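Shown next: query.pdb, containing PDB, C-alpha atoms.
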ATOM      1  CA  MET A   1      12.662  42.086 -13.415
ATOM      2  CA  LYS A   2      10.729  40.764 -16.361
ATOM      3  CA  PHE A   3       7.750  38.507 -15.894
ATOM      4  CA  ARG A   4       5.498  36.762 -18.393
ATOM      5  CA  ALA A   5       1.770  36.492 -17.814
ATOM      6  CA  GLU A   6      -0.261  33.703 -19.380
ATOM      7  CA  ILE A   7      -3.930  34.740 -19.301
ATOM      8  CA  ASP A   8      -6.993  32.702 -20.228
ATOM      9  CA  VAL A   9     -10.298  34.507 -20.774
ATOM     10  CA  MET A  10     -13.373  32.300 -21.101
ATOM     11  CA  PRO A  11     -17.132  32.848 -21.317
ATOM     12  CA  LEU A  12     -18.970  32.463 -18.025
ATOM     13  CA  LYS A  13     -20.239  28.914 -17.614
ATOM     14  CA  ALA A  14     -23.830  30.144 -17.158
ATOM     15  CA  LEU A  15     -23.822  31.874 -20.561
ATOM     16  CA  LEU A  16     -24.303  30.368 -23.994
ATOM     17  CA  ASP A  17     -21.101  30.176 -26.047
ATOM     18  CA  PRO A  18     -22.210  30.412 -29.706
ATOM     19  CA  GLN A  19     -18.718  29.647 -31.071
ATOM     20  CA  GLY A  20     -18.389  26.657 -28.794
ATOM     21  CA  LYS A  21     -21.853  25.439 -29.803
ATOM     22  CA  ALA A  22     -20.934  25.690 -33.510
ATOM     23  CA  VAL A  23     -17.711  23.729 -32.937
ATOM     24  CA  THR A  24     -19.595  21.109 -30.887
ATOM     25  CA  ASN A  25     -22.032  20.656 -33.803
ATOM     26  CA  GLY A  26     -19.088  20.492 -36.208
ATOM     27  CA  MET A  27     -17.571  17.662 -34.165
ATOM     28  CA  MET A  28     -20.742  15.626 -34.691
ATOM     29  CA  ASN A  29     -20.585  16.322 -38.438
ATOM     30  CA  LEU A  30     -16.966  15.116 -38.462
ATOM     31  CA  GLY A  31     -17.964  11.833 -36.835
ATOM     32  CA  LEU A  32     -16.655  12.813 -33.411
ATOM     33  CA  PRO A  33     -19.797  12.751 -31.237
ATOM     34  CA  GLU A  34     -17.672  11.939 -28.169
ATOM     35  CA  ILE A  35     -16.449  15.547 -28.112
ATOM     36  CA  GLY A  36     -18.978  17.910 -26.610
ATOM     37  CA  ASN A  37     -19.542  21.029 -24.533
ATOM     38  CA  VAL A  38     -16.815  22.952 -26.362
ATOM     39  CA  ARG A  39     -16.103  26.410 -24.895
ATOM     40  CA  ILE A  40     -14.013  28.896 -26.860
ATOM     41  CA  GLY A  41     -12.102  31.731 -25.260
ATOM     42  CA  LYS A  42      -8.863  33.558 -25.766
ATOM     43  CA  HIS A  43      -5.306  33.085 -24.541
ATOM     44  CA  ILE A  44      -3.211  36.202 -23.989
ATOM     45  CA  THR A  45       0.519  36.355 -23.270
ATOM     46  CA  LEU A  46       2.197  39.552 -22.151
ATOM     47  CA  GLU A  47       5.404  40.745 -20.548
ATOM     48  CA  VAL A  48       5.451  42.817 -17.374
ATOM     49  CA  GLU A  49       8.384  44.785 -16.017
ATOM     50  CA  ALA A  50       7.999  44.843 -12.221
ATOM     51  CA  GLU A  51      10.049  44.726  -9.029
ATOM     52  CA  SER A  52       8.382  41.531  -7.794
ATOM     53  CA  LYS A  53       6.007  38.770  -8.820
ATOM     54  CA  GLU A  54       3.322  40.237  -6.547
ATOM     55  CA  ILE A  55       3.514  43.650  -8.239
ATOM     56  CA  ALA A  56       3.436  41.980 -11.661
ATOM     57  CA  ALA A  57       0.314  40.065 -10.589
ATOM     58  CA  GLU A  58      -1.370  43.313  -9.479
ATOM     59  CA  LYS A  59      -0.641  44.900 -12.873
ATOM     60  CA  VAL A  60      -1.978  41.861 -14.755
ATOM     61  CA  GLU A  61      -5.099  41.821 -12.566
ATOM     62  CA  GLN A  62      -5.734  45.498 -13.414
ATOM     63  CA  ALA A  63      -5.180  44.881 -17.140
ATOM     64  CA  CYS A  64      -7.626  41.972 -17.106
ATOM     65  CA  LYS A  65     -10.322  43.845 -15.193
ATOM     66  CA  LYS A  66      -9.985  47.114 -17.110
ATOM     67  CA  LEU A  67      -9.307  45.958 -20.670
ATOM     68  CA  LEU A  68      -8.790  42.275 -21.448
ATOM     69  CA  CYS A  69     -11.932  40.759 -19.933
ATOM     70  CA  ASN A  70     -15.597  41.760 -20.031
ATOM     71  CA  GLN A  71     -16.501  40.562 -16.541
ATOM     72  CA  ILE A  72     -20.227  40.664 -17.313
ATOM     73  CA  MET A  73     -19.785  37.808 -19.806
ATOM     74  CA  GLU A  74     -16.302  36.388 -19.145
ATOM     75  CA  PHE A  75     -13.953  35.296 -16.391
ATOM     76  CA  PHE A  76     -10.176  35.169 -16.407
ATOM     77  CA  GLU A  77      -7.371  33.149 -14.896
ATOM     78  CA  TYR A  78      -3.666  33.894 -15.142
ATOM     79  CA  ARG A  79      -0.275  32.712 -14.054
ATOM     80  CA  ILE A  80       2.899  34.722 -13.739
ATOM     81  CA  VAL A  81       6.344  33.287 -14.487
ATOM     82  CA  GLN A  82       9.695  35.019 -14.295
ATOM     83  CA  ASP A  83      11.468  35.347 -17.643
TER      84      ASP A  83
END
Go ahead and render the structure in this file as structure tokens.
Amino acid sequence: MKFRAEIDVMPLKALLDPQGKAVTNGMMNLGLPEIGNVRIGKHITLEVEAESKEIAAEKVEQACKKLLCNQIMEFFEYRIVQD
């Protein structure tokens, strides 16, 4: 079966996010001071061929831990849907 994984990788909340800080400052310059604490991460979509949703989730977990996310500075969340 084919599954699709939707993965979000974000900087850890305890760490400074320089991109987010720059965008937050840009919001003030645009006259939007109500928008603050911007955090910028990445969204990854991939397809997984697996026998079950549980096996697909295991594969996605491995991919995130080994390649897609630097767990020293980032955390990840994902959801699996059947295509």
Closest-contact table, region 26-69 of chain A side, partner region 9-18 of chain A, 8 Å, counting all atoms listed in the file, as a tab-separated table:
residue	atom	partner	partner_atom	distance
A:Arg39	CA	A:Asp17	CA	6.4
A:Ile40	CA	A:Met10	CA	6.7
A:Gly41	CA	A:Met10	CA	4.4
A:Lys42	CA	A:Val9	CA	5.3
A:His43	CA	A:Val9	CA	6.4
A:Ile44	CA	A:Val9	CA	8.0
A:Leu68	CA	A:Val9	CA	7.9
A:Cys69	CA	A:Val9	CA	6.5
Exercise. Quick one: apply the PyMOL selection byres ((chain A and resi 50) around 9) to the file and drop the selected residues here as a ChimeraX atom specification.
Key: /A:1-3,48-49,51-56,59
May I have the centre and edge lengths, in Å to one decimal, of an axis-aligned box around the listed atoms of region 6-25 of chain A with 5 Å added to every side, as JSON?
{"center_x": -12.3, "center_y": 27.7, "center_z": -25.5, "size_x": 34.0, "size_y": 24.1, "size_z": 26.6}
Exercise. Excluding Ile80 (chain A) and any residue of its chain fewer than 5 positions from it, enumerate the residues within 7 Å of it, using only C-alpha atoms, and give them as a list of chain:residue names.
Key: A:Phe3, A:Arg4, A:Ala5, A:Glu6, A:Ala57
Just-selected residues, C-alpha atoms written as a PDB file, in the coordinates of the input:
ATOM      1  CA  PHE A   3       7.750  38.507 -15.894  1.00  0.00           C
ATOM      2  CA  ARG A   4       5.498  36.762 -18.393  1.00  0.00           C
ATOM      3  CA  ALA A   5       1.770  36.492 -17.814  1.00  0.00           C
ATOM      4  CA  GLU A   6      -0.261  33.703 -19.380  1.00  0.00           C
ATOM      5  CA  ALA A  57       0.314  40.065 -10.589  1.00  0.00           C
TER       6      ALA A  57
END
Practice problem: Given the file shown, determine the residues that the PyMOL selection byres ((chain A and resi 37) around 12) selects; report them as JSON, numbers by chain. | Solution: {"A": [13, 16, 17, 18, 19, 20, 21, 22, 23, 24, 25, 26, 27, 28, 33, 34, 35, 36, 38, 39, 40]}
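When CA of Asp83 (chain A) is paired with CA of Glu47 (chain A), their separation reads 8.6 Å.
Comparing the minimum interatomic distances between Arg79 (chain A) and each of A:Ile7, A:Leu30, A:Leu46, A:Ala63, counting all atoms listed in the file, we find that A:Ile7 sits nearest.
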